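final36.cif, holding mmCIF, N, CA and C atoms:
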data_data
loop_
_atom_site.label_atom_id
_atom_site.label_comp_id
_atom_site.auth_asym_id
_atom_site.auth_seq_id
_atom_site.Cartn_x
_atom_site.Cartn_y
_atom_site.Cartn_z
N MET A 1 124.26 103.69 88.60
CA MET A 1 122.95 103.13 88.35
C MET A 1 121.90 104.09 88.87
N TYR A 2 120.78 104.12 88.19
CA TYR A 2 119.64 104.91 88.63
C TYR A 2 118.50 103.95 88.99
N ILE A 3 117.80 104.26 90.08
CA ILE A 3 116.70 103.38 90.46
C ILE A 3 115.49 104.15 90.95
N TRP A 4 114.33 103.48 90.86
CA TRP A 4 113.17 103.83 91.65
C TRP A 4 113.28 102.91 92.85
N GLY A 5 113.26 103.47 94.03
CA GLY A 5 113.42 102.67 95.23
C GLY A 5 112.17 102.68 96.08
N ASN A 6 111.81 101.53 96.56
CA ASN A 6 110.62 101.41 97.39
C ASN A 6 110.86 101.95 98.80
N ARG A 7 112.11 101.89 99.25
CA ARG A 7 112.40 102.28 100.63
C ARG A 7 113.44 103.38 100.77
N ALA A 8 114.11 103.72 99.71
CA ALA A 8 115.19 104.70 99.78
C ALA A 8 114.68 106.11 99.46
N GLN A 9 115.36 107.10 99.97
CA GLN A 9 114.97 108.49 99.75
C GLN A 9 115.56 109.02 98.43
N VAL A 10 114.74 109.77 97.68
CA VAL A 10 115.20 110.37 96.43
C VAL A 10 116.44 111.22 96.71
N GLY A 11 117.44 111.07 95.86
CA GLY A 11 118.68 111.82 96.00
C GLY A 11 119.76 111.06 96.75
N SER A 12 119.37 110.00 97.43
CA SER A 12 120.39 109.25 98.16
C SER A 12 121.20 108.39 97.21
N VAL A 13 122.41 108.08 97.64
CA VAL A 13 123.32 107.23 96.88
C VAL A 13 123.55 105.97 97.71
N ILE A 14 123.26 104.83 97.11
CA ILE A 14 123.39 103.55 97.80
C ILE A 14 124.68 102.88 97.33
N PRO A 15 125.61 102.63 98.24
CA PRO A 15 126.86 101.97 97.85
C PRO A 15 126.62 100.53 97.40
N ASN A 16 127.41 100.08 96.46
CA ASN A 16 127.35 98.70 96.00
C ASN A 16 128.17 97.86 96.97
N PRO A 17 127.64 96.73 97.42
CA PRO A 17 128.38 95.91 98.38
C PRO A 17 129.57 95.16 97.78
N HIS A 18 129.67 95.15 96.45
CA HIS A 18 130.72 94.36 95.79
C HIS A 18 131.84 95.18 95.18
N THR A 19 131.53 96.43 94.79
CA THR A 19 132.55 97.26 94.15
C THR A 19 132.24 98.73 94.36
N ARG A 20 133.26 99.53 94.53
CA ARG A 20 133.04 100.97 94.70
C ARG A 20 132.80 101.65 93.36
N ARG A 21 133.03 100.96 92.23
CA ARG A 21 132.87 101.53 90.90
C ARG A 21 131.41 101.54 90.43
N VAL A 22 130.52 100.95 91.18
CA VAL A 22 129.10 100.99 90.87
C VAL A 22 128.38 101.55 92.09
N GLN A 23 127.67 102.64 91.89
CA GLN A 23 126.90 103.26 92.96
C GLN A 23 125.48 103.48 92.42
N THR A 24 124.51 103.50 93.30
CA THR A 24 123.12 103.61 92.89
C THR A 24 122.54 104.94 93.35
N VAL A 25 122.01 105.71 92.41
CA VAL A 25 121.39 106.99 92.70
C VAL A 25 119.87 106.80 92.65
N VAL A 26 119.20 107.15 93.73
CA VAL A 26 117.75 107.01 93.80
C VAL A 26 117.12 108.25 93.15
N VAL A 27 116.39 108.04 92.03
CA VAL A 27 115.80 109.16 91.30
C VAL A 27 114.29 109.25 91.45
N SER A 28 113.69 108.21 91.98
CA SER A 28 112.25 108.20 92.22
C SER A 28 112.01 107.20 93.34
N ALA A 29 110.97 107.45 94.15
CA ALA A 29 110.73 106.55 95.27
C ALA A 29 109.27 106.57 95.70
N GLY A 30 108.89 105.54 96.41
CA GLY A 30 107.56 105.47 96.99
C GLY A 30 106.49 105.15 95.97
N ALA A 31 105.25 105.26 96.40
CA ALA A 31 104.11 104.90 95.56
C ALA A 31 103.74 105.97 94.55
N GLY A 32 104.23 107.19 94.72
CA GLY A 32 103.91 108.26 93.77
C GLY A 32 104.36 107.89 92.37
N GLY A 33 103.49 107.99 91.43
CA GLY A 33 103.82 107.68 90.05
C GLY A 33 103.57 106.24 89.65
N VAL A 34 103.25 105.37 90.60
CA VAL A 34 102.98 103.97 90.26
C VAL A 34 101.77 103.92 89.34
N GLY A 35 101.87 103.16 88.27
CA GLY A 35 100.77 103.04 87.32
C GLY A 35 100.68 104.17 86.33
N GLN A 36 101.67 105.07 86.34
CA GLN A 36 101.70 106.20 85.41
C GLN A 36 103.02 106.20 84.64
N TRP A 37 103.00 106.80 83.47
CA TRP A 37 104.24 107.01 82.75
C TRP A 37 104.95 108.20 83.39
N LEU A 38 106.22 108.03 83.67
CA LEU A 38 107.03 109.10 84.23
C LEU A 38 108.09 109.52 83.22
N LYS A 39 108.37 110.78 83.15
CA LYS A 39 109.45 111.28 82.32
C LYS A 39 110.58 111.70 83.26
N LEU A 40 111.69 111.01 83.17
CA LEU A 40 112.82 111.30 84.03
C LEU A 40 113.97 111.83 83.18
N GLN A 41 114.64 112.81 83.69
CA GLN A 41 115.80 113.38 82.99
C GLN A 41 116.93 113.54 83.99
N ARG A 42 118.11 113.08 83.63
CA ARG A 42 119.27 113.15 84.50
C ARG A 42 120.46 113.71 83.74
N ASP A 43 121.27 114.48 84.42
CA ASP A 43 122.55 114.91 83.88
C ASP A 43 123.57 113.88 84.36
N VAL A 44 123.81 112.87 83.52
CA VAL A 44 124.63 111.74 83.94
C VAL A 44 126.07 112.15 84.23
N VAL A 45 126.57 113.14 83.52
CA VAL A 45 127.93 113.62 83.78
C VAL A 45 128.01 114.27 85.16
N ALA A 46 127.08 115.13 85.47
CA ALA A 46 127.05 115.79 86.79
C ALA A 46 126.84 114.76 87.90
N ASP A 47 125.95 113.80 87.67
CA ASP A 47 125.72 112.75 88.67
C ASP A 47 126.99 111.95 88.90
N TYR A 48 127.67 111.60 87.83
CA TYR A 48 128.91 110.83 87.95
C TYR A 48 129.94 111.61 88.76
N ARG A 49 130.10 112.87 88.41
CA ARG A 49 131.06 113.71 89.15
C ARG A 49 130.70 113.82 90.62
N SER A 50 129.42 113.96 90.92
CA SER A 50 128.96 114.08 92.29
C SER A 50 129.24 112.80 93.10
N VAL A 51 128.98 111.67 92.49
CA VAL A 51 129.14 110.39 93.19
C VAL A 51 130.61 109.96 93.28
N PHE A 52 131.34 110.08 92.17
CA PHE A 52 132.71 109.54 92.12
C PHE A 52 133.81 110.58 92.29
N LYS A 53 133.44 111.86 92.32
CA LYS A 53 134.43 112.95 92.50
C LYS A 53 135.51 112.95 91.43
N GLU A 54 135.12 112.60 90.20
CA GLU A 54 136.03 112.63 89.06
C GLU A 54 135.19 112.69 87.79
N ASP A 55 135.83 113.03 86.67
CA ASP A 55 135.13 113.06 85.39
C ASP A 55 134.91 111.64 84.88
N PRO A 56 133.79 111.40 84.22
CA PRO A 56 133.54 110.07 83.66
C PRO A 56 134.32 109.85 82.38
N GLY A 57 134.49 108.59 82.04
CA GLY A 57 135.06 108.23 80.74
C GLY A 57 133.95 108.24 79.71
N LYS A 58 134.27 107.76 78.53
CA LYS A 58 133.30 107.69 77.44
C LYS A 58 132.25 106.62 77.73
N LEU A 59 130.97 106.96 77.51
CA LEU A 59 129.90 105.99 77.67
C LEU A 59 129.97 105.01 76.50
N VAL A 60 130.10 103.74 76.79
CA VAL A 60 130.20 102.74 75.74
C VAL A 60 129.00 101.79 75.70
N ALA A 61 128.23 101.77 76.78
CA ALA A 61 127.05 100.90 76.82
C ALA A 61 126.18 101.31 77.99
N TYR A 62 124.92 100.92 77.93
CA TYR A 62 124.04 101.09 79.08
C TYR A 62 123.07 99.92 79.10
N GLY A 63 122.52 99.64 80.25
CA GLY A 63 121.58 98.55 80.39
C GLY A 63 120.36 99.01 81.16
N ILE A 64 119.28 98.32 80.95
CA ILE A 64 118.02 98.59 81.65
C ILE A 64 117.54 97.27 82.21
N MET A 65 117.14 97.30 83.47
CA MET A 65 116.65 96.07 84.07
C MET A 65 115.61 96.37 85.13
N THR A 66 114.83 95.38 85.41
CA THR A 66 113.85 95.45 86.48
C THR A 66 114.04 94.19 87.30
N ASP A 67 114.27 94.36 88.59
CA ASP A 67 114.42 93.17 89.42
C ASP A 67 114.02 93.46 90.85
N THR A 68 113.81 92.38 91.57
CA THR A 68 113.51 92.48 92.99
C THR A 68 114.34 91.46 93.76
N ASP A 69 115.51 91.15 93.22
CA ASP A 69 116.32 90.12 93.86
C ASP A 69 116.77 90.49 95.27
N ASN A 70 116.83 91.77 95.58
CA ASN A 70 117.23 92.18 96.93
C ASN A 70 116.05 92.27 97.89
N THR A 71 114.84 92.35 97.36
CA THR A 71 113.67 92.52 98.23
C THR A 71 112.70 91.35 98.20
N GLY A 72 112.75 90.54 97.15
CA GLY A 72 111.83 89.41 97.03
C GLY A 72 110.40 89.81 96.74
N GLU A 73 110.19 91.06 96.32
CA GLU A 73 108.85 91.55 96.02
C GLU A 73 108.52 91.37 94.55
N TYR A 74 107.31 91.74 94.15
CA TYR A 74 106.86 91.69 92.77
C TYR A 74 107.04 93.07 92.14
N THR A 75 107.44 93.10 90.89
CA THR A 75 107.53 94.37 90.18
C THR A 75 107.21 94.18 88.71
N GLU A 76 106.75 95.23 88.10
CA GLU A 76 106.50 95.25 86.67
C GLU A 76 106.91 96.63 86.18
N ALA A 77 107.62 96.67 85.07
CA ALA A 77 108.06 97.97 84.54
C ALA A 77 107.96 97.98 83.02
N TRP A 78 107.61 99.11 82.48
CA TRP A 78 107.56 99.32 81.04
C TRP A 78 108.51 100.46 80.74
N TYR A 79 109.25 100.33 79.67
CA TYR A 79 110.22 101.35 79.29
C TYR A 79 109.86 101.90 77.91
N ALA A 80 110.14 103.17 77.73
CA ALA A 80 109.89 103.81 76.44
C ALA A 80 111.21 104.37 75.92
N ASP A 81 111.14 105.40 75.11
CA ASP A 81 112.32 105.95 74.47
C ASP A 81 113.35 106.42 75.50
N ILE A 82 114.59 106.05 75.25
CA ILE A 82 115.70 106.51 76.08
C ILE A 82 116.68 107.20 75.16
N GLU A 83 117.09 108.38 75.55
CA GLU A 83 117.92 109.21 74.69
C GLU A 83 119.06 109.80 75.52
N PHE A 84 120.25 109.84 74.94
CA PHE A 84 121.39 110.52 75.55
C PHE A 84 121.72 111.71 74.68
N ALA A 85 121.75 112.89 75.29
CA ALA A 85 122.01 114.11 74.53
C ALA A 85 122.82 115.07 75.39
N GLY A 86 124.02 115.37 74.98
CA GLY A 86 124.84 116.35 75.70
C GLY A 86 125.07 116.00 77.15
N GLY A 87 125.22 114.71 77.46
CA GLY A 87 125.49 114.30 78.82
C GLY A 87 124.24 114.07 79.64
N LYS A 88 123.05 114.19 79.03
CA LYS A 88 121.81 113.99 79.78
C LYS A 88 121.06 112.79 79.22
N ALA A 89 120.53 112.00 80.10
CA ALA A 89 119.70 110.86 79.70
C ALA A 89 118.25 111.25 79.89
N VAL A 90 117.44 110.98 78.88
CA VAL A 90 116.03 111.32 78.94
C VAL A 90 115.23 110.08 78.59
N SER A 91 114.26 109.74 79.42
CA SER A 91 113.34 108.65 79.13
C SER A 91 111.96 109.26 78.99
N SER A 92 111.38 109.13 77.80
CA SER A 92 110.09 109.75 77.53
C SER A 92 109.00 108.70 77.43
N PRO A 93 107.80 109.01 77.92
CA PRO A 93 106.67 108.11 77.74
C PRO A 93 106.36 107.93 76.25
N PRO A 94 105.83 106.78 75.88
CA PRO A 94 105.48 106.57 74.47
C PRO A 94 104.29 107.42 74.07
N ALA A 95 104.17 107.66 72.77
CA ALA A 95 103.06 108.46 72.25
C ALA A 95 101.74 107.69 72.34
N THR A 96 101.82 106.36 72.30
CA THR A 96 100.62 105.54 72.39
C THR A 96 100.78 104.56 73.54
N ALA A 97 99.68 103.93 73.92
CA ALA A 97 99.72 102.96 75.01
C ALA A 97 100.61 101.79 74.63
N PRO A 98 101.38 101.29 75.56
CA PRO A 98 102.27 100.17 75.27
C PRO A 98 101.51 98.87 75.08
N GLY A 99 102.18 97.92 74.42
CA GLY A 99 101.55 96.63 74.19
C GLY A 99 101.78 95.68 75.35
N THR A 100 103.02 95.28 75.57
CA THR A 100 103.33 94.35 76.65
C THR A 100 104.45 94.91 77.50
N PRO A 101 104.51 94.52 78.74
CA PRO A 101 105.57 95.02 79.60
C PRO A 101 106.96 94.65 79.07
N ALA A 102 107.91 95.53 79.27
CA ALA A 102 109.29 95.26 78.88
C ALA A 102 109.89 94.24 79.83
N ALA A 103 109.47 94.25 81.06
CA ALA A 103 110.00 93.31 82.04
C ALA A 103 108.96 93.02 83.10
N LYS A 104 108.90 91.80 83.49
CA LYS A 104 107.97 91.42 84.54
C LYS A 104 108.65 90.35 85.36
N LYS A 105 108.71 90.50 86.66
CA LYS A 105 109.44 89.58 87.49
C LYS A 105 108.67 89.30 88.77
N ARG A 106 108.70 88.08 89.19
CA ARG A 106 108.12 87.68 90.49
C ARG A 106 109.20 87.19 91.39
#

Whole structure given in structure tokens:
Amino acid sequence: MYIWGNRAQVGSVIPNPHTRRVQTVVVSAGAGGVGQWLKLQRDVVADYRSVFKEDPGKLVAYGIMTDTDNTGEYTEAWYADIEFAGGKAVSSPPATAPGTPAAKKR
């Protein structure tokens, strides 16, 4: 999993308390970038190898979510184009201003 973390340091890996097969990589953190479109690019194959010390299997699905169930805080997130190309995931800002948030949670 990739996250923007309010309290975690970029580059850190947060273990999942329920299973070792899910680990969280912090790719953005803090207030920097809040209220702006960010373009993030990750080499998911390299990240997987780094975290799990093995090659990944075939990607069959992915999910996107916004939540604060662990912190009880408020969050709002908008998502734009997500692309997988040659083992890299790219999320690009939209060409025009978005209409409504993709997710909003209290």

Run the PyMOL selection byres (((chain A and resi 10-27 and name CA) around 9) and name CA) on the file and write out the hits as a CSV table (one decimal) with N, CA and C atoms, keeping the file's coordinate frame.
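Final output, selection37.csv:
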chain,number,residue,atom,x,y,z
A,1,MET,N,124.3,103.7,88.6
A,1,MET,CA,123.0,103.1,88.4
A,1,MET,C,121.9,104.1,88.9
A,2,TYR,N,120.8,104.1,88.2
A,2,TYR,CA,119.6,104.9,88.6
A,2,TYR,C,118.5,104.0,89.0
A,3,ILE,N,117.8,104.3,90.1
A,3,ILE,CA,116.7,103.4,90.5
A,3,ILE,C,115.5,104.2,91.0
A,4,TRP,N,114.3,103.5,90.9
A,4,TRP,CA,113.2,103.8,91.6
A,4,TRP,C,113.3,102.9,92.8
A,5,GLY,N,113.3,103.5,94.0
A,5,GLY,CA,113.4,102.7,95.2
A,5,GLY,C,112.2,102.7,96.1
A,8,ALA,N,114.1,103.7,99.7
A,8,ALA,CA,115.2,104.7,99.8
A,8,ALA,C,114.7,106.1,99.5
A,9,GLN,N,115.4,107.1,100.0
A,9,GLN,CA,115.0,108.5,99.8
A,9,GLN,C,115.6,109.0,98.4
A,28,SER,N,113.7,108.2,92.0
A,28,SER,CA,112.2,108.2,92.2
A,28,SER,C,112.0,107.2,93.3
A,29,ALA,N,111.0,107.4,94.2
A,29,ALA,CA,110.7,106.6,95.3
A,29,ALA,C,109.3,106.6,95.7
A,40,LEU,N,111.7,111.0,83.2
A,40,LEU,CA,112.8,111.3,84.0
A,40,LEU,C,114.0,111.8,83.2
A,42,ARG,N,118.1,113.1,83.6
A,42,ARG,CA,119.3,113.2,84.5
A,42,ARG,C,120.5,113.7,83.7
A,47,ASP,N,126.0,113.8,87.7
A,47,ASP,CA,125.7,112.8,88.7
A,47,ASP,C,127.0,112.0,88.9
A,51,VAL,N,129.0,111.7,92.5
A,51,VAL,CA,129.1,110.4,93.2
A,51,VAL,C,130.6,110.0,93.3
A,52,PHE,N,131.3,110.1,92.2
A,52,PHE,CA,132.7,109.5,92.1
A,52,PHE,C,133.8,110.6,92.3

### Task
Write out as a PyMOL selection string the residues lying within 12 Å of Gly57 in chain A, counting only C-alpha atoms and excluding same-chain residues fewer than 4 positions away.
chain A and resi 44-45+48-49+52+61+87

### Task
Give as a list in words the residues that the PyMOL selection byres (((chain A and resi 35 and name CA) around 12) and name CA) matches when applied to the coordinates above.
Ala31, Gly32, Gly33, Val34, Gln36, Trp37, Leu38, Thr75, Glu76, Ala77 and Trp78 of chain A

Only N, CA and C atoms, please: the residues just picked out, written as a short mmCIF file (atom, residue, chain, number, x, y, z; two decimals), in the coordinates of the input.
data_model
loop_
_atom_site.label_atom_id
_atom_site.label_comp_id
_atom_site.auth_asym_id
_atom_site.auth_seq_id
_atom_site.Cartn_x
_atom_site.Cartn_y
_atom_site.Cartn_z
N ALA A 31 105.25 105.26 96.40
CA ALA A 31 104.11 104.90 95.56
C ALA A 31 103.74 105.97 94.55
N GLY A 32 104.23 107.19 94.72
CA GLY A 32 103.91 108.26 93.77
C GLY A 32 104.36 107.89 92.37
N GLY A 33 103.49 107.99 91.43
CA GLY A 33 103.82 107.68 90.05
C GLY A 33 103.57 106.24 89.65
N VAL A 34 103.25 105.37 90.60
CA VAL A 34 102.98 103.97 90.26
C VAL A 34 101.77 103.92 89.34
N GLN A 36 101.67 105.07 86.34
CA GLN A 36 101.70 106.20 85.41
C GLN A 36 103.02 106.20 84.64
N TRP A 37 103.00 106.80 83.47
CA TRP A 37 104.24 107.01 82.75
C TRP A 37 104.95 108.20 83.39
N LEU A 38 106.22 108.03 83.67
CA LEU A 38 107.03 109.10 84.23
C LEU A 38 108.09 109.52 83.22
N THR A 75 107.44 93.10 90.89
CA THR A 75 107.53 94.37 90.18
C THR A 75 107.21 94.18 88.71
N GLU A 76 106.75 95.23 88.10
CA GLU A 76 106.50 95.25 86.67
C GLU A 76 106.91 96.63 86.18
N ALA A 77 107.62 96.67 85.07
CA ALA A 77 108.06 97.97 84.54
C ALA A 77 107.96 97.98 83.02
N TRP A 78 107.61 99.11 82.48
CA TRP A 78 107.56 99.32 81.04
C TRP A 78 108.51 100.46 80.74
#

#### Entry: Atomic distance atom N of Ala46 in chain A - atom N of Ile82 in chain A, expressed in Å with one decimal
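Separation of atom N of Ala46 in chain A and atom N of Ile82 in chain A: 18.5 Å.
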
### Test item, strand (DSSP E or B) assignment across chain A, answer as JSON, numbers by chain
{"A": [2, 3, 4, 5, 13, 14, 15, 23, 24, 25, 26, 27, 28, 29, 40, 41, 42, 43, 75, 76, 77, 81, 82, 83, 84, 85, 88, 89, 90, 91, 92, 103, 104, 105]}

### Query
By how many Å are atom C of Asp43 in chain A and atom C of Ala80 in chain A apart?
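Straight-line distance from atom C of Asp43 in chain A to atom C of Ala80 in chain A works out to 17.7 Å.
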
### Message
Just the number, please: distance in Å from CA of Asp81 in chain A to CA of Lys53 in chain A, one decimal.
### Response
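Between CA of Asp81 in chain A and CA of Lys53 in chain A the gap is 29.4 Å.
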
### Query
With only C-alpha atoms as the basis for distance, which of A:Asp67, A:Glu73, A:Glu54, A:Glu83 is at the shortest distance from Lys39 in chain A?
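Using only C-alpha atoms, Lys39 in chain A sits closest to A:Glu83.
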
### Message
Given the PyMOL selection byres (((chain A and resi 64 and name CA) around 10) and name CA) and the file above, list the residues it selects as JSON, numbers by chain.
### Response
{"A": [1, 2, 62, 63, 65, 66, 79, 82, 102, 103]}

I need the chosen residues saved as an mmCIF file, in the frame of the given file, with N, CA and C atoms.
data_model
loop_
_atom_site.group_PDB
_atom_site.id
_atom_site.type_symbol
_atom_site.label_atom_id
_atom_site.label_comp_id
_atom_site.auth_asym_id
_atom_site.auth_seq_id
_atom_site.Cartn_x
_atom_site.Cartn_y
_atom_site.Cartn_z
ATOM 1 N N MET A 1 124.260 103.690 88.600
ATOM 2 C CA MET A 1 122.950 103.130 88.350
ATOM 3 C C MET A 1 121.900 104.090 88.870
ATOM 4 N N TYR A 2 120.780 104.120 88.190
ATOM 5 C CA TYR A 2 119.640 104.910 88.630
ATOM 6 C C TYR A 2 118.500 103.950 88.990
ATOM 7 N N TYR A 62 124.920 100.920 77.930
ATOM 8 C CA TYR A 62 124.040 101.090 79.080
ATOM 9 C C TYR A 62 123.070 99.920 79.100
ATOM 10 N N GLY A 63 122.520 99.640 80.250
ATOM 11 C CA GLY A 63 121.580 98.550 80.390
ATOM 12 C C GLY A 63 120.360 99.010 81.160
ATOM 13 N N MET A 65 117.140 97.300 83.470
ATOM 14 C CA MET A 65 116.650 96.070 84.070
ATOM 15 C C MET A 65 115.610 96.370 85.130
ATOM 16 N N THR A 66 114.830 95.380 85.410
ATOM 17 C CA THR A 66 113.850 95.450 86.480
ATOM 18 C C THR A 66 114.040 94.190 87.300
ATOM 19 N N TYR A 79 109.250 100.330 79.670
ATOM 20 C CA TYR A 79 110.220 101.350 79.290
ATOM 21 C C TYR A 79 109.860 101.900 77.910
ATOM 22 N N ILE A 82 114.590 106.050 75.250
ATOM 23 C CA ILE A 82 115.700 106.510 76.080
ATOM 24 C C ILE A 82 116.680 107.200 75.160
ATOM 25 N N ALA A 102 107.910 95.530 79.270
ATOM 26 C CA ALA A 102 109.290 95.260 78.880
ATOM 27 C C ALA A 102 109.890 94.240 79.830
ATOM 28 N N ALA A 103 109.470 94.250 81.060
ATOM 29 C CA ALA A 103 110.000 93.310 82.040
ATOM 30 C C ALA A 103 108.960 93.020 83.100
#
